[in-house]
file upload34.txt (compact mmCIF, C-alpha atoms)
# COMPACT_ATOMS: atom_id res chain seq x y z
CA MET A 188 105.26 126.56 88.27
CA THR A 189 105.62 123.07 89.72
CA GLY A 190 103.51 124.07 92.70
CA VAL A 191 100.72 125.23 90.40
CA GLN A 192 100.88 121.97 88.45
CA ASN A 193 100.86 119.97 91.71
CA ASP A 194 97.82 121.87 92.95
CA GLU A 195 96.02 121.27 89.67
CA GLN A 196 96.80 117.55 89.82
CA LYS A 197 95.67 117.32 93.44
CA ASN A 198 92.46 119.22 92.73
CA ALA A 199 91.70 116.99 89.74
CA VAL A 200 92.21 113.82 91.78
CA VAL A 201 90.13 115.10 94.70
CA ALA A 202 87.36 116.15 92.30
CA ALA A 203 87.35 112.74 90.62
CA VAL A 204 87.22 110.83 93.93
CA GLY A 205 84.53 113.16 95.22
CA ALA A 206 82.45 112.76 92.07
CA ALA A 207 82.62 108.95 92.31
CA ARG A 208 81.76 109.11 96.06
CA ILE A 209 83.10 105.57 96.53
CA LEU A 210 86.75 104.49 96.40
CA PRO A 211 87.12 100.70 96.03
CA VAL A 212 89.99 99.36 98.16
CA VAL A 213 91.51 96.52 96.17
CA VAL A 214 93.80 93.69 97.31
CA LEU A 215 95.19 91.68 94.40
CA ASP A 216 97.27 88.54 94.90
CA ALA A 217 97.93 88.16 91.17
CA ALA A 218 98.54 90.87 88.59
CA ARG A 219 96.64 88.80 85.99
CA ASP A 220 93.44 89.76 87.82
CA ALA A 221 94.09 93.49 87.38
CA ALA A 222 92.67 93.87 83.86
CA PRO A 223 89.38 91.99 84.40
CA LEU A 224 88.90 93.73 87.75
CA ALA A 225 89.42 97.14 86.17
CA ASP A 226 86.88 96.24 83.48
CA ALA A 227 84.34 95.13 86.11
CA LEU A 228 84.72 98.34 88.10
CA VAL A 229 84.25 100.53 85.04
CA ARG A 230 81.26 98.46 83.90
CA GLY A 231 79.76 98.95 87.35
CA GLY A 232 80.21 102.70 87.12
CA LEU A 233 83.24 103.38 89.32
CA PRO A 234 86.07 105.24 87.55
CA SER A 235 88.59 105.09 90.41
CA ALA A 236 90.33 102.48 92.58
CA GLU A 237 92.89 102.20 95.34
CA VAL A 238 95.21 99.20 94.90
CA THR A 239 96.82 98.32 98.22
CA PHE A 240 100.47 97.46 98.75
CA ARG A 241 99.49 94.45 100.85
CA THR A 242 100.74 91.97 98.26
CA ASP A 243 103.75 91.60 95.98
CA ALA A 244 101.46 92.02 92.95
CA ALA A 245 100.49 95.60 93.82
CA ALA A 246 102.94 97.48 91.61
CA ASP A 247 102.28 95.28 88.57
CA ALA A 248 98.53 95.52 89.13
CA ILE A 249 98.73 99.33 89.30
CA ARG A 250 100.78 99.33 86.11
CA VAL A 251 98.12 97.31 84.25
CA MET A 252 95.12 99.22 85.60
CA SER A 253 96.65 102.67 85.12
CA GLU A 254 96.93 102.03 81.39
CA ARG A 255 93.17 102.56 81.16
CA PRO A 256 92.30 106.20 80.44
CA ASP A 257 88.87 105.71 82.01
CA LEU A 258 90.18 104.63 85.43
CA LEU A 259 91.92 106.74 88.07
CA VAL A 260 94.26 104.40 89.94
CA GLY A 261 96.00 105.10 93.24
CA ALA A 262 98.15 103.12 95.66
CA GLY A 263 96.95 102.26 99.15
CA THR A 264 98.50 100.89 102.35
CA VAL A 265 101.68 102.78 101.45
CA LEU A 266 104.01 102.63 104.46
CA THR A 267 107.41 103.80 103.22
CA PRO A 268 108.96 106.34 100.83
CA ALA A 269 110.31 103.42 98.80
CA GLN A 270 106.76 102.19 98.24
CA VAL A 271 105.80 105.70 97.12
CA ASP A 272 108.54 105.51 94.49
CA ARG A 273 107.37 102.07 93.31
CA ALA A 274 103.74 103.18 93.18
CA VAL A 275 104.42 106.33 91.20
CA GLU A 276 106.75 104.52 88.82
CA ALA A 277 103.96 102.02 88.19
CA GLY A 278 101.52 104.80 87.33
CA ALA A 279 99.67 105.56 90.58
CA ARG A 280 97.97 108.96 90.41
CA PHE A 281 97.54 109.28 94.18
CA VAL A 282 98.69 107.65 97.41
CA VAL A 283 96.69 106.57 100.47
CA THR A 284 98.23 105.61 103.81
CA PRO A 285 96.68 103.83 106.84
CA GLY A 286 98.33 106.24 109.28
CA PHE A 287 100.17 109.55 109.19
CA SER A 288 103.82 109.16 108.14
CA PRO A 289 105.75 112.42 107.75
CA ALA A 290 108.33 110.64 105.59
CA VAL A 291 105.73 109.21 103.21
CA VAL A 292 103.86 112.51 102.96
CA ARG A 293 107.10 114.37 102.29
CA ARG A 294 108.09 111.94 99.52
CA CYS A 295 104.68 112.25 97.86
CA GLN A 296 104.99 116.02 97.93
CA GLU A 297 108.50 115.85 96.49
CA LEU A 298 107.11 113.82 93.58
CA GLY A 299 104.02 116.03 93.23
CA VAL A 300 101.61 113.17 93.92
CA PRO A 301 98.42 113.78 95.92
CA VAL A 302 98.42 111.91 99.23
CA PHE A 303 95.53 111.08 101.55
CA PRO A 304 97.11 110.13 104.89
CA GLY A 305 95.28 108.01 107.40
CA VAL A 306 94.16 109.75 110.59
CA ALA A 307 92.36 108.60 113.73
CA THR A 308 92.74 111.58 116.05
CA GLY A 309 92.69 115.34 116.13
CA THR A 310 96.46 115.33 116.60
CA GLU A 311 96.97 113.51 113.30
CA ILE A 312 94.56 115.84 111.53
CA GLN A 313 96.60 118.74 112.88
CA MET A 314 99.76 117.08 111.51
CA ALA A 315 98.08 116.82 108.11
CA LEU A 316 97.14 120.49 108.18
CA ASP A 317 100.68 121.40 109.20
CA ALA A 318 101.89 119.49 106.13
CA GLY A 319 99.57 121.51 103.90
CA LEU A 320 96.98 118.74 103.43
CA ASP A 321 93.22 119.08 103.73
CA THR A 322 91.94 115.65 102.60
CA VAL A 323 92.53 112.65 104.85
CA LYS A 324 91.55 109.02 105.19
CA PHE A 325 89.64 108.30 108.43
CA PHE A 326 90.60 104.74 109.35
CA PRO A 327 89.28 102.41 110.69
CA ALA A 328 86.07 104.41 110.52
CA GLU A 329 83.48 102.23 112.24
CA GLN A 330 85.85 101.11 114.98
CA LEU A 331 86.74 104.75 115.72
CA GLY A 332 83.16 105.89 116.20
CA GLY A 333 81.93 106.20 112.63
CA VAL A 334 79.62 109.03 111.65
CA GLY A 335 79.48 110.50 115.15
CA MET A 336 83.24 110.74 115.41
CA ILE A 337 83.57 112.43 112.02
CA LYS A 338 80.92 114.97 113.04
CA ALA A 339 82.90 115.70 116.20
CA LEU A 340 86.22 116.06 114.35
CA ALA A 341 84.74 118.12 111.53
CA ALA A 342 83.49 120.77 113.97
CA PRO A 343 86.94 122.22 114.81
CA TYR A 344 88.59 121.14 111.54
CA ARG A 345 86.11 122.70 109.16
CA SER A 346 88.43 122.82 106.14
CA VAL A 347 89.20 119.08 106.24
CA ARG A 348 87.54 116.52 103.96
CA PHE A 349 87.39 112.90 105.11
CA ILE A 350 87.45 109.58 103.27
CA PRO A 351 86.15 107.15 105.91
CA THR A 352 87.29 103.56 105.33
CA GLY A 353 86.88 100.45 107.44
CA GLY A 354 83.50 98.91 108.13
CA VAL A 355 81.76 100.99 105.47
CA ASN A 356 79.21 99.11 103.36
CA THR A 357 75.96 99.60 101.46
CA GLY A 358 74.07 99.62 104.75
CA ASN A 359 75.79 102.67 106.21
CA LEU A 360 77.51 104.48 103.34
CA SER A 361 74.60 106.90 102.87
CA ASP A 362 74.98 108.02 106.50
CA TYR A 363 78.62 108.86 105.87
CA LEU A 364 78.02 110.52 102.52
CA ALA A 365 75.31 112.72 104.06
CA LEU A 366 78.02 114.51 106.05
CA PRO A 367 79.34 117.65 104.30
CA ALA A 368 82.84 116.85 105.58
CA VAL A 369 82.94 113.48 103.79
CA LEU A 370 84.44 113.54 100.31
CA ALA A 371 83.88 109.84 99.58
CA VAL A 372 83.91 106.50 101.35
CA GLY A 373 86.40 103.68 100.91
CA GLY A 374 85.28 100.06 100.87
CA THR A 375 86.07 96.49 99.91
CA TRP A 376 82.66 94.84 99.69
CA MET A 377 82.32 95.21 95.93
CA VAL A 378 85.87 93.90 95.40
CA ALA A 379 85.86 91.21 98.10
CA PRO A 380 88.87 88.86 97.98
CA ASP A 381 86.67 85.78 97.49
CA LEU A 382 85.08 87.30 94.38
CA ILE A 383 88.48 88.15 92.93
CA ALA A 384 89.93 84.73 93.75
CA ALA A 385 86.99 83.04 92.00
CA GLY A 386 87.11 85.40 89.02
CA ARG A 387 83.49 86.42 89.57
CA TRP A 388 83.84 89.62 87.58
CA ASP A 389 80.13 89.91 86.76
CA GLU A 390 79.36 89.86 90.49
CA VAL A 391 82.00 92.55 91.07
CA ALA A 392 80.33 94.67 88.42
CA THR A 393 76.89 94.01 89.93
CA ARG A 394 78.01 94.94 93.46
CA THR A 395 79.79 97.99 92.13
CA ALA A 396 76.67 99.18 90.32
CA ALA A 397 74.64 98.62 93.51
CA ALA A 398 77.17 100.64 95.51
CA VAL A 399 77.06 103.47 92.98
CA GLU A 400 73.27 103.49 93.18
CA ALA A 401 73.33 103.48 97.00
CA ALA A 402 75.75 106.40 96.97
CA ARG A 403 73.65 108.48 94.62
CA PRO A 404 72.40 111.68 96.28
CA SER A 405 68.79 111.22 97.35
CA ALA A 406 68.09 114.93 97.70
CA GLU A 407 66.97 115.21 94.10
CA ALA A 408 63.30 115.13 94.99
call {"tool": "encode", "arguments": {"input": "upload34.txt", "output": "structure tokens"}}
result
Amino acid sequence: MTGVQNDEQKNAVVAAVGAARILPVVVLDAARDAAPLADALVRGGLPSAEVTFRTDAAADAIRVMSERPDLLVGAGTVLTPAQVDRAVEAGARFVVTPGFSPAVVRRCQELGVPVFPGVATGTEIQMALDAGLDTVKFFPAEQLGGVGMIKALAAPYRSVRFIPTGGVNTGNLSDYLALPAVLAVGGTWMVAPDLIAAGRWDEVATRTAAAVEAARPSAEA
């Protein structure tokens, strides 16, 4: 029964991320910025966000943002099982890692939380498949070869969906999203640290709306 519930939760999260097509990667130095940031993202049309565990404010920020029923909040840059516990306790609905950690993946699965592990090679993709996972973060995307590399990896690993992150922006996101193997792209440009530090929430909303528009399928002609 738990397995069925876990699968349903995972499928719902994957569907939501895939529908949004863009996953904002957020770094918050102060939890007080969480509420206005969440409002700006939703106003801009993005109903999901990855809050990274790169600062001490991460857990509190996730707690604040996850209270919104119109925002799917996950934890990113999760490096240890202890951080998985903190993220889930704070309300994270999914976990993203920069690399493949068997211990982190195992803890997420024990708690029934969807996890998107970071991969850079075919070996790591194979490890993800061995762990029963089929959606991975490709990081750092541009530095690893970008669109061409994903095409090459997707050929043998046809069941895998990728979330490329790292160097993705409005100029190249359509190239990534045109690939059938890409579920969504991760990015920071609409939630840039300087905008957050200055409290420029209208600009965050404007950039978010522009990103949503750039990600919109163009094959509707």
call {"tool": "closest_residue", "arguments": {"input": "upload34.txt", "among": "A:Pro304, A:Pro380, A:Gly358, A:Gly386", "to": "Ala401 (chain A)", "atoms": "all atoms listed in the file"}}
result
A:Gly358
call {"tool": "closest_residue", "arguments": {"input": "upload34.txt", "among": "A:Gln330, A:Asn193, A:Thr239, A:Thr322", "to": "Arg348 (chain A)", "atoms": "only C-alpha atoms"}}
result
A:Thr322
call {"tool": "closest_atom_pairs", "arguments": {"input": "upload34.txt", "of": "region 240-300 of chain A", "to": "region 308-320 of chain A", "cutoff": "10 Å", "atoms": "only C-alpha atoms", "output": "tab-separated table"}}
result
residue	atom	partner	partner_atom	distance
A:Gly286	CA	A:Glu311	CA	8.4
A:Phe287	CA	A:Glu311	CA	6.5
A:Ser288	CA	A:Met314	CA	9.5
A:Pro289	CA	A:Ala318	CA	8.2
A:Val292	CA	A:Ala318	CA	7.9
A:Arg293	CA	A:Ala318	CA	8.3
A:Gln296	CA	A:Ala318	CA	9.4
call {"tool": "atom_distance", "arguments": {"input": "upload34.txt", "atom1": "CA of Ser253 (chain A)", "atom2": "CA of Ala221 (chain A)"}}
result
9.8 Å
call {"tool": "closest_residue", "arguments": {"input": "upload34.txt", "among": "A:Leu340, A:Val213, A:Leu258, A:Pro268", "to": "Ala245 (chain A)", "atoms": "only C-alpha atoms"}}
result
A:Val213
call {"tool": "atom_distance", "arguments": {"input": "upload34.txt", "atom1": "CA of Val302 (chain A)", "atom2": "CA of Val334 (chain A)"}}
result
22.7 Å
call {"tool": "closest_residue", "arguments": {"input": "upload34.txt", "among": "A:Pro351, A:Pro234, A:Gly373, A:Pro256", "to": "Val306 (chain A)", "atoms": "all atoms listed in the file"}}
result
A:Pro351
call {"tool": "closest_residue", "arguments": {"input": "upload34.txt", "among": "A:Val291, A:Leu370, A:Leu210, A:Ala398", "to": "Val260 (chain A)", "atoms": "all atoms listed in the file"}}
result
A:Leu210
call {"tool": "closest_residue", "arguments": {"input": "upload34.txt", "among": "A:Pro285, A:Gly205, A:Gly231, A:Pro211", "to": "Phe325 (chain A)", "atoms": "only C-alpha atoms"}}
result
A:Pro285
call {"tool": "residues_around", "arguments": {"input": "upload34.txt", "residues": "Thr284 (chain A)", "least_positions_apart": "2", "cutoff": "7 Å", "atoms": "all atoms listed in the file", "output": "list in words"}}
result
Gly263, Thr264, Val265, Leu266, Val282, Gly286, Phe287, Phe303, Pro304 and Gly305 of chain A
call {"tool": "residues_around", "arguments": {"input": "upload34.txt", "residues": "Asn356 (chain A)", "least_positions_apart": "4", "cutoff": "10 Å", "atoms": "only C-alpha atoms", "output": "PyMOL selection string"}}
result
chain A and resi 352+360-361+372-377+398+401
call {"tool": "residues_near_point", "arguments": {"input": "upload34.txt", "point": "(87.0, 97.1, 81.5)", "cutoff": "12 Å", "atoms": "only C-alpha atoms", "output": "list in words"}}
result
Asp220, Ala221, Ala222, Pro223, Leu224, Ala225, Asp226, Ala227, Leu228, Val229, Arg230, Gly231, Gly232, Leu233, Pro234, Val251, Met252, Ser253, Glu254, Arg255, Pro256, Asp257, Leu258, Trp388, Asp389, Val391 and Ala392 of chain A
call {"tool": "write_last_selection", "arguments": {"input": "upload34.txt", "atoms": "C-alpha atoms", "output": "PDB file, in the frame of the given file"}}
result
ATOM      1  CA  ASP A 220      93.440  89.760  87.820  1.00  0.00           C
ATOM      2  CA  ALA A 221      94.090  93.490  87.380  1.00  0.00           C
ATOM      3  CA  ALA A 222      92.670  93.870  83.860  1.00  0.00           C
ATOM      4  CA  PRO A 223      89.380  91.990  84.400  1.00  0.00           C
ATOM      5  CA  LEU A 224      88.900  93.730  87.750  1.00  0.00           C
ATOM      6  CA  ALA A 225      89.420  97.140  86.170  1.00  0.00           C
ATOM      7  CA  ASP A 226      86.880  96.240  83.480  1.00  0.00           C
ATOM      8  CA  ALA A 227      84.340  95.130  86.110  1.00  0.00           C
ATOM      9  CA  LEU A 228      84.720  98.340  88.100  1.00  0.00           C
ATOM     10  CA  VAL A 229      84.250 100.530  85.040  1.00  0.00           C
ATOM     11  CA  ARG A 230      81.260  98.460  83.900  1.00  0.00           C
ATOM     12  CA  GLY A 231      79.760  98.950  87.350  1.00  0.00           C
ATOM     13  CA  GLY A 232      80.210 102.700  87.120  1.00  0.00           C
ATOM     14  CA  LEU A 233      83.240 103.380  89.320  1.00  0.00           C
ATOM     15  CA  PRO A 234      86.070 105.240  87.550  1.00  0.00           C
ATOM     16  CA  VAL A 251      98.120  97.310  84.250  1.00  0.00           C
ATOM     17  CA  MET A 252      95.120  99.220  85.600  1.00  0.00           C
ATOM     18  CA  SER A 253      96.650 102.670  85.120  1.00  0.00           C
ATOM     19  CA  GLU A 254      96.930 102.030  81.390  1.00  0.00           C
ATOM     20  CA  ARG A 255      93.170 102.560  81.160  1.00  0.00           C
ATOM     21  CA  PRO A 256      92.300 106.200  80.440  1.00  0.00           C
ATOM     22  CA  ASP A 257      88.870 105.710  82.010  1.00  0.00           C
ATOM     23  CA  LEU A 258      90.180 104.630  85.430  1.00  0.00           C
ATOM     24  CA  TRP A 388      83.840  89.620  87.580  1.00  0.00           C
ATOM     25  CA  ASP A 389      80.130  89.910  86.760  1.00  0.00           C
ATOM     26  CA  VAL A 391      82.000  92.550  91.070  1.00  0.00           C
ATOM     27  CA  ALA A 392      80.330  94.670  88.420  1.00  0.00           C
TER      28      ALA A 392
END
call {"tool": "atom_distance", "arguments": {"input": "upload34.txt", "atom1": "CA of Arg280 (chain A)", "atom2": "CA of Ile383 (chain A)"}}
result
23.0 Å
call {"tool": "build_atoms", "arguments": {"input": "upload34.txt", "residues": "region 221-236 of chain A", "atoms": "N, CA, C and O atoms", "output": "compact mmCIF listing (two decimals), in the frame of the given file"}}
result
# COMPACT_ATOMS: atom_id res chain seq x y z
N ALA A 221 94.23 92.04 87.43
CA ALA A 221 94.09 93.49 87.38
C ALA A 221 93.20 93.95 86.22
O ALA A 221 92.31 94.79 86.40
N ALA A 222 93.43 93.43 85.04
CA ALA A 222 92.67 93.87 83.86
C ALA A 222 91.19 93.54 83.97
O ALA A 222 90.34 94.41 83.76
N PRO A 223 90.82 92.28 84.29
CA PRO A 223 89.38 91.99 84.40
C PRO A 223 88.72 92.72 85.57
O PRO A 223 87.54 93.09 85.48
N LEU A 224 89.47 92.97 86.64
CA LEU A 224 88.90 93.73 87.75
C LEU A 224 88.63 95.17 87.33
O LEU A 224 87.56 95.72 87.62
N ALA A 225 89.59 95.78 86.65
CA ALA A 225 89.42 97.14 86.17
C ALA A 225 88.20 97.23 85.26
O ALA A 225 87.39 98.17 85.36
N ASP A 226 88.03 96.25 84.39
CA ASP A 226 86.88 96.24 83.48
C ASP A 226 85.58 96.14 84.26
O ASP A 226 84.60 96.83 83.95
N ALA A 227 85.56 95.30 85.31
CA ALA A 227 84.34 95.13 86.11
C ALA A 227 83.98 96.40 86.85
O ALA A 227 82.80 96.77 86.94
N LEU A 228 84.97 97.09 87.39
CA LEU A 228 84.72 98.34 88.10
C LEU A 228 84.13 99.40 87.17
O LEU A 228 83.16 100.08 87.50
N VAL A 229 84.73 99.54 86.01
CA VAL A 229 84.25 100.53 85.04
C VAL A 229 82.85 100.17 84.56
O VAL A 229 81.98 101.05 84.44
N ARG A 230 82.60 98.89 84.31
CA ARG A 230 81.26 98.46 83.90
C ARG A 230 80.23 98.78 84.99
O ARG A 230 79.08 99.10 84.69
N GLY A 231 80.66 98.67 86.24
CA GLY A 231 79.76 98.95 87.35
C GLY A 231 79.57 100.42 87.62
O GLY A 231 78.72 100.80 88.42
N GLY A 232 80.39 101.27 86.99
CA GLY A 232 80.21 102.70 87.12
C GLY A 232 81.17 103.40 88.06
O GLY A 232 80.95 104.57 88.41
N LEU A 233 82.25 102.73 88.46
CA LEU A 233 83.24 103.38 89.32
C LEU A 233 84.52 103.64 88.54
O LEU A 233 85.20 102.69 88.13
N PRO A 234 84.90 104.90 88.36
CA PRO A 234 86.07 105.24 87.55
C PRO A 234 87.35 105.43 88.36
O PRO A 234 88.30 106.03 87.89
N SER A 235 87.38 104.93 89.61
CA SER A 235 88.59 105.09 90.41
C SER A 235 88.78 103.87 91.30
O SER A 235 87.82 103.17 91.63
N ALA A 236 90.04 103.62 91.72
CA ALA A 236 90.33 102.48 92.58
C ALA A 236 91.63 102.72 93.32
O ALA A 236 92.54 103.38 92.82
